[in-house]
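S.K.: For reference, the structure I am asking about is given below.
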Amino acid sequence: MKAIRIDKFVDKIEDIRISEIPVPEPKDGEVLVQIEAAGVNFVDLLYARGKHQNNRSLVTPPFTLGLEFAGTVLSSPISSPFKPGSRVFGGSLGSYASQISVNPTSLQFIPQNWTFAQAAGLAATAPVSYGALILRGRLQRNETILIHASAGGLGLSAIQIAKAAGARVIATSSSLSKLSIARQFGADECINYSSPDWIDTVLKLTQGRGVNVVFDPVGLVDGSLKCLRQRGRVLVVGFAGMPGGGERIAMNRVLLRQAQIIGYVRTFSIPNTFLQTIPIFWLVLAFDHVRYGETDRIDPAETAQIWRELKVLWEEGKFKPTVYDEEYRGLESVVRAMKDLESRKVWGKAVIVMDDGDRPKL
């Protein structure tokens, strides 16, 4: 079958190629899925180049790229709720491929009125945003939250979840067009954080008090501390704007604000057919390193809670998919999609829709 296989780390995204690899053979308990669409993530860029912390020892060549997918179940254990023909979505390393074999704990049923493309970009965004805002950040009704990179996949998910929780949303992004998207998804106020006075603008919008919560997927903690109110919470969910993966923070501001800095990253399943694993970290001023897959083993109830409560939101019409309006068809479009993501062209989620040429011949 066809797949985006990383046999060695690349210097340029253009060096990524489509390969022919064996069709996966499901191990005990796994579900085999025909992939119909795959979500594109910033982590894909890092993995392909060997620039992610996981590439030091855990995600090493050869591996198949891609973290999110939606598709149709081809085979499953007799006892599985995911019967052949079921439409499912999930998260797993190896999603840029024709088929994938995964642990059923990584799967969810696609809502009846959603397309494969709409579901494919959900697994890496919605549960992270929900877990960070609601479970770790304890966002409350009538609080004010500052959401950075608000037009990205995480940001648009966060806006919808925050509004459903009854919070006031101040959204930031790097362009007027992206701020317009954020407003369409429910943001109350919008600020271009390319402007040098964005911190002053946040303070003005909060009558000088600052925000209760900051949601940061890009690396703006230090600046955000300047417009955080006393005992506020800063939720760190990524470093997309920091090529080195880190940020210098003036810790005196943490002390004086009595701030809580909370990191939240959820993991995906990984097929048994892969030997590599991916770590997860939850940060509260320190990193706690846990191997890939520990999320469900440590607290499966939390995973179930997140999806159960997200399902309520989308059934009530309070949460919807955030698919970018550019068409990426077939695995040959993965490079173009990744370059668009890297150049900050994309809002929401870029999604690869598979074509007939990507599917194994029976």
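Chain labels run A, B, ... following the order of the structure tokens; each chain numbers its residues from 1, and ligands are numbered from 1 in the order shown.
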So that I can see what lies close to Ala165 (chain A), please list as JSON, numbers by chain the residues with an atom at most 9 Å from it, counting only C-alpha atoms and leaving out residues fewer than 6 positions away in the same chain.

M.R.: {"A": [134, 139, 140, 141, 142]}

S.K.: With all heavy atoms kept, could you save the residues just selected as a PDB file, in the first residue's frame?

M.R.:
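As written to disk, part34.pdb reads:
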```pdb
ATOM      1  N   ILE A 134     -10.989  22.642  30.485  1.00  0.00           N
ATOM      2  CA  ILE A 134     -12.022  22.238  31.439  1.00  0.00           C
ATOM      3  C   ILE A 134     -11.456  21.419  32.596  1.00  0.00           C
ATOM      4  O   ILE A 134     -11.756  21.673  33.765  1.00  0.00           O
ATOM      5  CB  ILE A 134     -13.136  21.447  30.718  1.00  0.00           C
ATOM      6  CG1 ILE A 134     -13.703  22.262  29.552  1.00  0.00           C
ATOM      7  CG2 ILE A 134     -14.232  21.059  31.714  1.00  0.00           C
ATOM      8  CD1 ILE A 134     -14.260  23.620  29.936  1.00  0.00           C
ATOM      9  N   LEU A 139     -11.802  26.220  33.698  1.00  0.00           N
ATOM     10  CA  LEU A 139     -12.425  27.438  33.184  1.00  0.00           C
ATOM     11  C   LEU A 139     -13.868  27.526  33.668  1.00  0.00           C
ATOM     12  O   LEU A 139     -14.631  26.572  33.566  1.00  0.00           O
ATOM     13  CB  LEU A 139     -12.374  27.429  31.650  1.00  0.00           C
ATOM     14  CG  LEU A 139     -12.907  28.672  30.946  1.00  0.00           C
ATOM     15  CD1 LEU A 139     -12.048  29.891  31.253  1.00  0.00           C
ATOM     16  CD2 LEU A 139     -12.981  28.437  29.433  1.00  0.00           C
ATOM     17  N   GLN A 140     -14.229  28.703  34.177  1.00  0.00           N
ATOM     18  CA  GLN A 140     -15.556  28.916  34.764  1.00  0.00           C
ATOM     19  C   GLN A 140     -16.369  29.920  33.948  1.00  0.00           C
ATOM     20  O   GLN A 140     -15.822  30.755  33.223  1.00  0.00           O
ATOM     21  CB  GLN A 140     -15.413  29.438  36.195  1.00  0.00           C
ATOM     22  CG  GLN A 140     -14.609  28.535  37.115  1.00  0.00           C
ATOM     23  CD  GLN A 140     -15.257  27.191  37.336  1.00  0.00           C
ATOM     24  OE1 GLN A 140     -16.452  27.113  37.621  1.00  0.00           O
ATOM     25  NE2 GLN A 140     -14.485  26.118  37.202  1.00  0.00           N
ATOM     26  N   ARG A 141     -17.676  29.816  34.115  1.00  0.00           N
ATOM     27  CA  ARG A 141     -18.581  30.776  33.481  1.00  0.00           C
ATOM     28  C   ARG A 141     -18.224  32.191  33.933  1.00  0.00           C
ATOM     29  O   ARG A 141     -17.895  32.422  35.094  1.00  0.00           O
ATOM     30  CB  ARG A 141     -20.027  30.441  33.865  1.00  0.00           C
ATOM     31  CG  ARG A 141     -21.074  31.398  33.304  1.00  0.00           C
ATOM     32  CD  ARG A 141     -22.480  30.894  33.581  1.00  0.00           C
ATOM     33  NE  ARG A 141     -22.727  29.620  32.924  1.00  0.00           N
ATOM     34  CZ  ARG A 141     -23.087  29.487  31.650  1.00  0.00           C
ATOM     35  NH1 ARG A 141     -23.249  30.581  30.897  1.00  0.00           N
ATOM     36  NH2 ARG A 141     -23.297  28.306  31.131  1.00  0.00           N
ATOM     37  N   ASN A 142     -18.266  33.133  32.994  1.00  0.00           N
ATOM     38  CA  ASN A 142     -17.996  34.560  33.204  1.00  0.00           C
ATOM     39  C   ASN A 142     -16.515  34.888  33.393  1.00  0.00           C
ATOM     40  O   ASN A 142     -16.170  36.047  33.614  1.00  0.00           O
ATOM     41  CB  ASN A 142     -18.804  35.121  34.379  1.00  0.00           C
ATOM     42  CG  ASN A 142     -20.297  35.050  34.128  1.00  0.00           C
ATOM     43  OD1 ASN A 142     -20.752  35.247  32.993  1.00  0.00           O
ATOM     44  ND2 ASN A 142     -21.079  34.756  35.156  1.00  0.00           N
TER      45      ASN A 142
END
```

S.K.: How would you write, as a list in words, the set of residues in region 143-219 of chain A that DSSP gives as alpha helix (DSSP H)?

M.R.: Gly153, Leu154, Gly155, Leu156, Ser157, Ala158, Ile159, Gln160, Ile161, Ala162, Lys163, Ala164, Leu176, Ser177, Lys178, Leu179, Ser180, Ile181, Ala182, Arg183, Gln184, Trp198, Ile199, Asp200, Thr201, Val202, Leu203, Lys204 and Leu205 of chain A

S.K.: How far is it from CA of Gln230 (chain A) to CA of Leu154 (chain A), in Å with one decimal?

M.R.: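 Pair CA of Gln230 (chain A) / CA of Leu154 (chain A) returns 25.5 Å.
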
S.K.: Return the single residue from A:Asp216, A:Ser57, A:Leu74, A:Ala117 that is closest to Glu327 (chain A), with distances computed using only C-alpha atoms.

M.R.: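 Closest to Glu327 (chain A), using only C-alpha atoms: A:Ala117.
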
S.K.: Give me the residues within 10 Å of Ile35 (chain A) as a JSON list (two decimals) with C-alpha atoms, in the first residue's frame, counting only C-alpha atoms and dropping any in the same chain fewer than 2 places off.

M.R.:
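And here is the file that came out, around-v2.json:
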```json
[["chain", "number", "residue", "atom", "x", "y", "z"],
["A", 32, "LEU", "CA", -7.95, -2.45, 10.73],
["A", 33, "VAL", "CA", -9.14, 0.81, 9.16],
["A", 37, "ALA", "CA", -8.87, 11.29, 5.25],
["A", 38, "ALA", "CA", -5.91, 12.36, 7.41],
["A", 68, "GLU", "CA", -4.86, 11.73, 12.74],
["A", 69, "PHE", "CA", -7.24, 9.85, 10.48],
["A", 70, "ALA", "CA", -10.83, 9.01, 9.65],
["A", 71, "GLY", "CA", -11.99, 6.00, 7.71],
["A", 72, "THR", "CA", -13.95, 2.78, 7.45],
["A", 73, "VAL", "CA", -13.38, -0.32, 9.58],
["A", 74, "LEU", "CA", -12.23, -3.27, 7.45],
["A", 88, "VAL", "CA", -14.51, 5.96, 12.68],
["A", 89, "PHE", "CA", -11.87, 8.56, 13.47],
["A", 95, "SER", "CA", -1.95, 8.03, 9.47],
["A", 96, "TYR", "CA", -0.47, 9.09, 6.11],
["A", 97, "ALA", "CA", -1.19, 5.69, 4.65],
["A", 98, "SER", "CA", -3.88, 3.70, 2.88],
["A", 99, "GLN", "CA", -4.66, 1.57, 5.93],
["A", 100, "ILE", "CA", -3.82, 1.51, 9.61],
["A", 116, "PHE", "CA", -14.54, 11.84, 6.80],
["A", 120, "ALA", "CA", -10.07, 13.51, 10.42],
["A", 353, "VAL", "CA", -8.61, 13.38, 1.41],
["A", 354, "MET", "CA", -7.46, 10.06, -0.03],
["A", 358, "ASP", "CA", -3.98, 5.68, -2.54],
["A", 359, "ARG", "CA", -5.98, 2.52, -1.85]]
```

S.K.: Separation of CA of Gly137 (chain A) and CA of Ile170 (chain A), in Å?

M.R.: 16.1 Å

S.K.: Looking at A:Arg136, A:Arg5, A:Arg87, A:Gly186, which one is nearest to Ala158 (chain A), with distances taken over only C-alpha atoms?

M.R.: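 Ranked by minimum distance to Ala158 (chain A), first place goes to A:Gly186.
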
S.K.: Can you work out which one of A:Thr201, A:Ser194, A:Gln258, A:Ser343 has the shortest atom-to-atom distance to Phe42 (chain A), counting only C-alpha atoms?

M.R.: A:Ser343

S.K.: Could you pull the residues within 7 Å of region 8-23 of chain A, counting only C-alpha atoms, minus those fewer than 5 positions along the same chain, as a list in words?

M.R.: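 In the requested format, the answer is Met1, Lys2, Ala3, Ala48, Arg49, Gly50, Pro61, Pro62, Gln99 and Val335 of chain A.
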
S.K.: Skip Ser76 (chain A) itself and residues of its chain fewer than 4 positions away, then list as a list in words all residues within 9 Å of it, counting only C-alpha atoms.

M.R.: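 Residues near the query, excluding close chain neighbours: Pro26, Gly29, Glu30, Val31, Leu32, Val33, Ser80, Pro81, Phe82, Lys83, Pro84 and Pro104 of chain A.
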
S.K.: So that I can see what lies close to Ala162 (chain A), please list as a PyMOL selection string the residues with an atom at most 12 Å from it, counting only C-alpha atoms and leaving out residues fewer than 6 positions away in the same chain.

M.R.: chain A and resi 126+129-134+137-147+150+154-156+168-171+185-188+213-215+313+318-319

S.K.: Go through A:Val334, A:Arg257, A:Glu315, A:Ala304 and flag the residue nearest Leu65 (chain A), using only C-alpha atoms for the distances.

M.R.: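 With only C-alpha atoms as the atom set, the closest residue is A:Val334.
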
S.K.: For CA of Val218 (chain A) and CA of Glu189 (chain A), quote the distance in Å rounded to one decimal.

M.R.: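 Interatomic distance, CA of Val218 (chain A) to CA of Glu189 (chain A): 19.2 Å.
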